[in-house]
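Trainee: Just entry-v4.cif, nothing more (mmCIF, C-alpha atoms):
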```cif
data_protein
#
loop_
_atom_site.group_PDB
_atom_site.id
_atom_site.type_symbol
_atom_site.label_atom_id
_atom_site.label_comp_id
_atom_site.auth_asym_id
_atom_site.auth_seq_id
_atom_site.Cartn_x
_atom_site.Cartn_y
_atom_site.Cartn_z
ATOM 1 C CA MET K 1 37.462 23.813 39.034
ATOM 2 C CA LYS K 2 36.162 20.888 41.107
ATOM 3 C CA GLN K 3 32.612 22.142 40.578
ATOM 4 C CA LEU K 4 33.176 22.144 36.812
ATOM 5 C CA TRP K 5 34.248 18.490 36.807
ATOM 6 C CA GLU K 6 31.232 17.559 38.923
ATOM 7 C CA LYS K 7 28.882 19.215 36.439
ATOM 8 C CA LEU K 8 30.501 17.362 33.546
ATOM 9 C CA ARG K 9 30.558 14.038 35.367
ATOM 10 C CA ASN K 10 26.909 14.057 36.430
ATOM 11 C CA ARG K 11 25.221 15.258 33.259
ATOM 12 C CA THR K 12 23.374 13.081 30.741
ATOM 13 C CA PRO K 13 24.188 13.838 27.077
ATOM 14 C CA SER K 14 21.387 14.969 24.783
ATOM 15 C CA PRO K 15 21.223 16.557 21.322
ATOM 16 C CA ILE K 16 22.686 20.063 21.221
ATOM 17 C CA GLY K 17 19.847 22.588 21.186
ATOM 18 C CA MET K 18 17.442 20.090 22.780
ATOM 19 C CA THR K 19 15.653 22.793 24.760
ATOM 20 C CA THR K 20 14.729 24.698 21.599
ATOM 21 C CA PHE K 21 13.021 21.725 19.910
ATOM 22 C CA THR K 22 9.255 21.270 19.987
ATOM 23 C CA LYS K 23 8.567 17.779 21.322
ATOM 24 C CA TYR K 24 5.796 15.490 20.123
ATOM 25 C CA ALA K 25 4.713 11.946 20.952
ATOM 26 C CA VAL K 26 2.727 9.549 18.776
ATOM 27 C CA LEU K 27 1.242 6.108 19.271
ATOM 28 C CA VAL K 28 1.359 3.343 16.658
ATOM 29 C CA PRO K 29 -1.794 1.344 17.476
ATOM 30 C CA LEU K 30 -1.814 -2.365 16.683
ATOM 31 C CA VAL K 31 -5.332 -3.805 16.483
ATOM 32 C CA GLU K 32 -6.502 -7.336 15.774
ATOM 33 C CA LYS K 33 -8.927 -7.640 12.889
ATOM 34 C CA ASN K 34 -10.214 -10.917 11.450
ATOM 35 C CA GLY K 35 -7.470 -12.776 13.287
ATOM 36 C CA GLU K 36 -4.741 -10.599 11.764
ATOM 37 C CA MET K 37 -2.731 -7.724 13.192
ATOM 38 C CA HIS K 38 -3.363 -4.303 11.623
ATOM 39 C CA LEU K 39 -1.929 -0.820 12.042
ATOM 40 C CA LEU K 40 -4.521 1.841 12.746
ATOM 41 C CA PHE K 41 -4.212 5.260 11.095
ATOM 42 C CA GLU K 42 -6.047 8.560 11.331
ATOM 43 C CA VAL K 43 -7.010 10.985 8.573
ATOM 44 C CA ARG K 44 -6.589 14.494 9.941
ATOM 45 C CA SER K 45 -9.665 16.706 9.894
ATOM 46 C CA LEU K 46 -9.879 19.274 7.108
ATOM 47 C CA GLN K 47 -10.662 21.829 9.806
ATOM 48 C CA LEU K 48 -7.139 21.635 11.218
ATOM 49 C CA ARG K 49 -4.702 24.413 10.441
ATOM 50 C CA ARG K 50 -1.676 22.118 10.161
ATOM 51 C CA GLN K 51 -1.588 19.278 7.626
ATOM 52 C CA PRO K 52 -5.364 18.955 7.065
ATOM 53 C CA GLY K 53 -6.429 15.733 5.367
ATOM 54 C CA GLU K 54 -3.094 13.985 5.861
ATOM 55 C CA ILE K 55 -2.706 10.472 7.233
ATOM 56 C CA CYS K 56 -1.021 10.114 10.603
ATOM 57 C CA PHE K 57 -0.874 8.197 13.861
ATOM 58 C CA PRO K 58 -2.612 9.523 16.973
ATOM 59 C CA GLY K 59 -0.428 11.926 18.913
ATOM 60 C CA GLY K 60 0.535 15.502 19.480
ATOM 61 C CA LYS K 61 2.622 17.960 21.430
ATOM 62 C CA ILE K 62 3.989 16.920 24.805
ATOM 63 C CA ASP K 63 2.464 19.156 27.470
ATOM 64 C CA ALA K 64 4.098 20.278 30.693
ATOM 65 C CA SER K 65 1.410 18.328 32.566
ATOM 66 C CA ASP K 66 2.426 15.032 30.908
ATOM 67 C CA ALA K 67 4.588 12.778 33.057
ATOM 68 C CA ASP K 68 6.672 11.832 30.020
ATOM 69 C CA ALA K 69 6.479 11.255 26.265
ATOM 70 C CA GLN K 70 4.657 7.931 26.674
ATOM 71 C CA ALA K 71 1.985 9.562 28.832
ATOM 72 C CA ALA K 72 1.542 12.242 26.183
ATOM 73 C CA ALA K 73 1.129 9.659 23.412
ATOM 74 C CA ILE K 74 -1.505 7.777 25.404
ATOM 75 C CA ARG K 75 -3.360 10.953 26.386
ATOM 76 C CA GLU K 76 -3.491 12.223 22.814
ATOM 77 C CA THR K 77 -4.640 8.823 21.541
ATOM 78 C CA CYS K 78 -7.478 8.675 24.039
ATOM 79 C CA GLU K 79 -8.552 12.237 23.199
ATOM 80 C CA GLU K 80 -8.440 11.742 19.429
ATOM 81 C CA LEU K 81 -10.012 8.284 19.266
ATOM 82 C CA GLY K 82 -12.492 8.731 22.100
ATOM 83 C CA ILE K 83 -11.279 5.664 23.981
ATOM 84 C CA GLN K 84 -10.311 4.827 27.549
ATOM 85 C CA GLU K 85 -6.698 4.320 28.562
ATOM 86 C CA THR K 86 -7.588 0.824 29.777
ATOM 87 C CA VAL K 87 -7.844 -0.487 26.186
ATOM 88 C CA ILE K 88 -4.187 0.434 25.535
ATOM 89 C CA SER K 89 -1.563 -2.111 26.596
ATOM 90 C CA ASP K 90 1.935 -3.376 25.813
ATOM 91 C CA VAL K 91 3.341 0.090 25.142
ATOM 92 C CA PHE K 92 6.940 0.057 23.877
ATOM 93 C CA PRO K 93 9.161 2.900 22.660
ATOM 94 C CA LEU K 94 10.557 3.045 19.139
ATOM 95 C CA ASP K 95 13.549 5.163 18.116
ATOM 96 C CA TYR K 96 12.781 8.865 18.263
ATOM 97 C CA LEU K 97 13.102 11.172 15.265
ATOM 98 C CA ILE K 98 14.854 14.530 15.132
ATOM 99 C CA SER K 99 13.287 16.558 12.341
ATOM 100 C CA PRO K 100 15.281 19.192 10.395
ATOM 101 C CA PHE K 101 12.330 21.489 11.118
ATOM 102 C CA GLY K 102 12.996 21.791 14.845
ATOM 103 C CA MET K 103 10.903 18.877 16.141
ATOM 104 C CA ILE K 104 11.632 15.757 18.133
ATOM 105 C CA VAL K 105 9.029 13.006 17.729
ATOM 106 C CA TYR K 106 8.842 10.154 20.242
ATOM 107 C CA PRO K 107 6.888 7.180 18.770
ATOM 108 C CA PHE K 108 5.496 4.292 20.797
ATOM 109 C CA VAL K 109 3.900 1.084 19.571
ATOM 110 C CA ALA K 110 1.030 -0.402 21.546
ATOM 111 C CA ARG K 111 -1.779 -2.919 21.424
ATOM 112 C CA LEU K 112 -5.233 -1.376 21.198
ATOM 113 C CA ALA K 113 -8.160 -3.573 22.259
ATOM 114 C CA HIS K 114 -11.801 -3.143 21.258
ATOM 115 C CA PRO K 115 -11.298 -0.977 18.141
ATOM 116 C CA GLU K 116 -15.073 -1.115 17.669
ATOM 117 C CA GLN K 117 -15.326 1.318 20.598
ATOM 118 C CA ILE K 118 -13.423 4.048 18.753
ATOM 119 C CA GLN K 119 -15.371 7.299 18.488
ATOM 120 C CA PRO K 120 -13.055 9.800 16.739
ATOM 121 C CA ASN K 121 -13.018 13.415 17.836
ATOM 122 C CA GLU K 122 -14.436 15.011 14.684
ATOM 123 C CA GLU K 123 -12.610 18.301 15.309
ATOM 124 C CA GLU K 124 -9.285 16.509 14.860
ATOM 125 C CA VAL K 125 -9.994 13.235 13.079
ATOM 126 C CA ALA K 126 -11.965 12.935 9.828
ATOM 127 C CA ALA K 127 -11.719 9.138 9.681
ATOM 128 C CA THR K 128 -9.733 6.094 10.763
ATOM 129 C CA PHE K 129 -8.690 3.021 8.828
ATOM 130 C CA THR K 130 -6.455 0.007 9.278
ATOM 131 C CA VAL K 131 -3.810 -1.665 7.147
ATOM 132 C CA PRO K 132 -2.683 -5.273 7.642
ATOM 133 C CA LEU K 133 0.795 -5.447 9.116
ATOM 134 C CA THR K 134 1.636 -8.067 6.492
ATOM 135 C CA PHE K 135 1.159 -5.435 3.774
ATOM 136 C CA PHE K 136 4.060 -3.418 5.138
ATOM 137 C CA LEU K 137 6.175 -6.516 5.709
ATOM 138 C CA GLN K 138 5.685 -7.511 2.077
ATOM 139 C CA THR K 139 5.777 -4.049 0.466
ATOM 140 C CA GLU K 140 8.811 -1.824 0.114
ATOM 141 C CA PRO K 141 8.053 1.897 0.219
ATOM 142 C CA ASP K 142 8.790 4.224 -2.666
ATOM 143 C CA VAL K 143 11.578 6.579 -1.631
ATOM 144 C CA TYR K 144 12.025 10.108 -2.968
ATOM 145 C CA HIS K 145 14.665 12.671 -2.098
ATOM 146 C CA VAL K 146 14.083 16.230 -0.957
ATOM 147 C CA HIS K 147 17.054 18.593 -1.248
ATOM 148 C CA PHE K 148 17.627 21.685 0.884
ATOM 149 C CA GLN K 149 19.944 24.506 -0.122
ATOM 150 C CA ALA K 150 21.577 26.786 2.453
ATOM 151 C CA GLN K 151 20.483 30.414 2.113
ATOM 152 C CA PRO K 152 22.366 32.716 4.516
ATOM 153 C CA GLU K 153 20.556 35.909 5.498
ATOM 154 C CA PRO K 154 21.617 39.161 3.727
ATOM 155 C CA ASN K 155 23.787 40.402 6.615
ATOM 156 C CA PHE K 156 25.630 37.083 7.056
ATOM 157 C CA PRO K 157 29.327 37.830 7.888
ATOM 158 C CA PHE K 158 30.912 36.113 4.874
ATOM 159 C CA ALA K 159 34.198 37.932 5.506
ATOM 160 C CA LYS K 160 34.649 35.961 8.735
ATOM 161 C CA ILE K 161 34.609 32.491 7.151
ATOM 162 C CA PRO K 162 37.069 30.810 4.745
ATOM 163 C CA GLY K 163 35.972 31.270 1.154
ATOM 164 C CA GLY K 164 33.609 34.124 1.950
ATOM 165 C CA LYS K 165 30.604 34.153 -0.378
ATOM 166 C CA ASN K 166 32.132 31.191 -2.236
ATOM 167 C CA TYR K 167 31.983 29.000 0.855
ATOM 168 C CA ARG K 168 30.856 25.514 -0.107
ATOM 169 C CA TRP K 169 27.821 24.834 2.011
ATOM 170 C CA ARG K 170 27.130 21.164 2.522
ATOM 171 C CA PRO K 171 23.825 20.306 0.812
ATOM 172 C CA ARG K 172 21.216 18.488 2.878
ATOM 173 C CA GLN K 173 18.958 15.723 1.668
ATOM 174 C CA ILE K 174 16.130 13.908 3.390
ATOM 175 C CA ASP K 175 14.416 10.752 2.196
ATOM 176 C CA GLU K 176 10.636 10.700 2.024
ATOM 177 C CA TYR K 177 8.917 7.305 2.191
ATOM 178 C CA PHE K 178 5.600 6.560 0.496
ATOM 179 C CA TYR K 179 3.268 3.614 1.000
ATOM 180 C CA GLU K 180 0.038 3.320 -0.988
ATOM 181 C CA TYR K 181 -2.714 1.067 0.294
ATOM 182 C CA GLU K 182 -6.007 1.094 -1.572
ATOM 183 C CA ASN K 183 -6.801 4.826 -1.854
ATOM 184 C CA ASN K 184 -4.602 5.891 1.047
ATOM 185 C CA VAL K 185 -1.176 7.496 0.684
ATOM 186 C CA ILE K 186 0.958 7.162 3.819
ATOM 187 C CA TRP K 187 4.045 9.335 3.706
ATOM 188 C CA GLY K 188 6.270 11.696 5.690
ATOM 189 C CA LEU K 189 7.114 11.030 9.326
ATOM 190 C CA THR K 190 4.264 8.525 9.559
ATOM 191 C CA ALA K 191 5.745 6.406 6.777
ATOM 192 C CA LYS K 192 9.210 6.661 8.347
ATOM 193 C CA ILE K 193 7.853 5.354 11.634
ATOM 194 C CA VAL K 194 6.114 2.478 9.826
ATOM 195 C CA HIS K 195 9.331 1.615 7.986
ATOM 196 C CA HIS K 196 11.277 1.712 11.246
ATOM 197 C CA LEU K 197 8.785 -0.644 12.915
ATOM 198 C CA VAL K 198 8.994 -3.019 9.953
ATOM 199 C CA GLU K 199 12.798 -3.081 10.214
ATOM 200 C CA ILE K 200 12.543 -3.974 13.909
ATOM 201 C CA ILE K 201 10.093 -6.795 13.198
ATOM 202 C CA ARG K 202 12.244 -8.154 10.373
ATOM 203 C CA SER K 203 15.313 -8.148 12.614
ATOM 204 C CA VAL K 204 13.668 -10.427 15.169
ATOM 205 C CA ASP K 205 15.039 -13.964 14.886
#
```
Can you present the structure in this file as structure tokens?
Mentor:
Amino acid sequence: MKQLWEKLRNRTPSPIGMTTFTKYAVLVPLVEKNGEMHLLFEVRSLQLRRQPGEICFPGGKIDASDADAQAAAIRETCEELGIQETVISDVFPLDYLISPFGMIVYPFVARLAHPEQIQPNEEEVAATFTVPLTFFLQTEPDVYHVHFQAQPEPNFPFAKIPGGKNYRWRPRQIDEYFYEYENNVIWGLTAKIVHHLVEIIRSVD
């Protein structure tokens, strides 16, 4: 029994099922352009199997060789933008996201110097562009709702739960944010991260 209490006392809580989640890290690059701070975005290559042509931040899956999520975000950014780690500074974590699709995404914001040195990896990045930070501070995103309905598998043991097949499953809804800047549509997790960063900036006295 003593061993049980020791295990409980010395553990650090984490989301249930944490080990089954696929973990990703992304970097939100802040670059100075014409004396103004901009956010830098990527357009995913059309050659990619997942989400081709979509707008995102640099980042990707956390590898076993990465020291931590921040190291993964920096590594992926350097690989995708063709830059050296030395141009990345002032790296700070934002709140992480737990996706209903089995992913945990760890975002970091950082300053990126010498954006003129960027040479995107064409296999992953079709293009890059920047948006003034003031645009997001002055523009509220459009918000749309996506509803999910529970669909138990055919052999689900309805007889073992109250209500059986008439059990009232709790519906799930997620909010999708959309920003439109010139001809670019920023949405999904990328837009949520932008909105989160904007809320942090607005909260600063």
Trainee: Could the residues of region 68-155 of chain K that have an atom at most 9 Å from region 28-49 of chain K be listed as JSON lines, each with its closest atom pair and the distance in Å to one decimal, counting only C-alpha atoms and ordered by chain and ascending residue number?
Mentor:
```
{"residue": "K:Thr77", "atom": "CA", "partner": "K:Pro29", "partner_atom": "CA", "distance": 9.0}
{"residue": "K:Leu81", "atom": "CA", "partner": "K:Glu42", "partner_atom": "CA", "distance": 8.9}
{"residue": "K:Ile88", "atom": "CA", "partner": "K:Pro29", "partner_atom": "CA", "distance": 8.5}
{"residue": "K:Pro107", "atom": "CA", "partner": "K:Val28", "partner_atom": "CA", "distance": 7.1}
{"residue": "K:Phe108", "atom": "CA", "partner": "K:Val28", "partner_atom": "CA", "distance": 5.9}
{"residue": "K:Val109", "atom": "CA", "partner": "K:Val28", "partner_atom": "CA", "distance": 4.5}
{"residue": "K:Ala110", "atom": "CA", "partner": "K:Pro29", "partner_atom": "CA", "distance": 5.3}
{"residue": "K:Arg111", "atom": "CA", "partner": "K:Leu30", "partner_atom": "CA", "distance": 4.8}
{"residue": "K:Leu112", "atom": "CA", "partner": "K:Val31", "partner_atom": "CA", "distance": 5.3}
{"residue": "K:Ala113", "atom": "CA", "partner": "K:Val31", "partner_atom": "CA", "distance": 6.4}
{"residue": "K:His114", "atom": "CA", "partner": "K:Val31", "partner_atom": "CA", "distance": 8.1}
{"residue": "K:Pro115", "atom": "CA", "partner": "K:Val31", "partner_atom": "CA", "distance": 6.8}
{"residue": "K:Pro120", "atom": "CA", "partner": "K:Glu42", "partner_atom": "CA", "distance": 8.9}
{"residue": "K:Glu122", "atom": "CA", "partner": "K:Ser45", "partner_atom": "CA", "distance": 7.0}
{"residue": "K:Glu123", "atom": "CA", "partner": "K:Ser45", "partner_atom": "CA", "distance": 6.4}
{"residue": "K:Glu124", "atom": "CA", "partner": "K:Ser45", "partner_atom": "CA", "distance": 5.0}
{"residue": "K:Val125", "atom": "CA", "partner": "K:Ser45", "partner_atom": "CA", "distance": 4.7}
{"residue": "K:Ala126", "atom": "CA", "partner": "K:Ser45", "partner_atom": "CA", "distance": 4.4}
{"residue": "K:Ala127", "atom": "CA", "partner": "K:Val43", "partner_atom": "CA", "distance": 5.2}
{"residue": "K:Thr128", "atom": "CA", "partner": "K:Glu42", "partner_atom": "CA", "distance": 4.5}
{"residue": "K:Phe129", "atom": "CA", "partner": "K:Phe41", "partner_atom": "CA", "distance": 5.5}
{"residue": "K:Thr130", "atom": "CA", "partner": "K:Leu40", "partner_atom": "CA", "distance": 4.4}
{"residue": "K:Val131", "atom": "CA", "partner": "K:His38", "partner_atom": "CA", "distance": 5.2}
{"residue": "K:Pro132", "atom": "CA", "partner": "K:His38", "partner_atom": "CA", "distance": 4.2}
{"residue": "K:Leu133", "atom": "CA", "partner": "K:His38", "partner_atom": "CA", "distance": 5.0}
{"residue": "K:Thr134", "atom": "CA", "partner": "K:Met37", "partner_atom": "CA", "distance": 8.0}
```
Trainee: For the structure shown, which residues end up in the PyMOL selection byres ((chain K and resi 58) around 6)? Put them as a list in words, please?
Mentor: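 Answer for the PyMOL selection byres ((chain K and resi 58) around 6): Val26, Leu27, Phe57, Gly59 and Thr77 of chain K.
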Trainee: To one decimal place in Å, what is the distance between CA of Pro93 (chain K) and CA of Arg11 (chain K)?
Mentor: 22.9 Å
Trainee: Do you know which residues are at most 10 Å from Tyr96 (chain K) counting all atoms listed in the file, after dropping those on the same chain fewer than 6 positions away, and could you put them as an mmCIF file with C-alpha atoms, in the frame of the given file?
Mentor:
```cif
data_model
loop_
_atom_site.group_PDB
_atom_site.id
_atom_site.type_symbol
_atom_site.label_atom_id
_atom_site.label_comp_id
_atom_site.auth_asym_id
_atom_site.auth_seq_id
_atom_site.Cartn_x
_atom_site.Cartn_y
_atom_site.Cartn_z
ATOM 1 C CA TYR K 24 5.796 15.490 20.123
ATOM 2 C CA ALA K 25 4.713 11.946 20.952
ATOM 3 C CA ILE K 104 11.632 15.757 18.133
ATOM 4 C CA VAL K 105 9.029 13.006 17.729
ATOM 5 C CA TYR K 106 8.842 10.154 20.242
ATOM 6 C CA PRO K 107 6.888 7.180 18.770
ATOM 7 C CA PHE K 108 5.496 4.292 20.797
ATOM 8 C CA ILE K 193 7.853 5.354 11.634
#
```
Trainee: Pick out the residues sitting within 12 Å of Ile200 (chain K), and hand them over as a list in words; count only C-alpha atoms, and ignore anything fewer than 4 positions along from it in its own chain.
Mentor: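 Near neighbours after the sequence-gap exclusion: Pro93, Leu94, Asp95, Val109, Leu137, Ile193, Val194, His195, His196, Val204 and Asp205 of chain K.
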Trainee: So, with all atoms listed in the file as the atoms that count, which of K:Ser203, K:Tyr144, K:Val198, K:Ala67 lies closest to Glu176 (chain K)?
Mentor: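 The shortest atom-to-atom distance to Glu176 (chain K) comes from K:Tyr144.
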Trainee: Please identify all polymer residues within 6 Å of Tyr177 (chain K), counting all atoms listed in the file, omitting same-chain residues fewer than 3 positions from it, and present them as JSON, numbers by chain.
Mentor: {"K": [141, 142, 143, 187, 191]}
Trainee: Got a sec to check which residues sit within 12 Å of (12.0, 24.0, 18.0), counting all atoms listed in the file, and write them as a list of chain:residue names?
Mentor: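 It turns out the residues near that spot are K:Ile16, K:Gly17, K:Met18, K:Thr19, K:Thr20, K:Phe21, K:Thr22, K:Lys23, K:Tyr24, K:Lys61, K:Ile98, K:Ser99, K:Pro100, K:Phe101, K:Gly102, K:Met103, K:Ile104, K:Val105.
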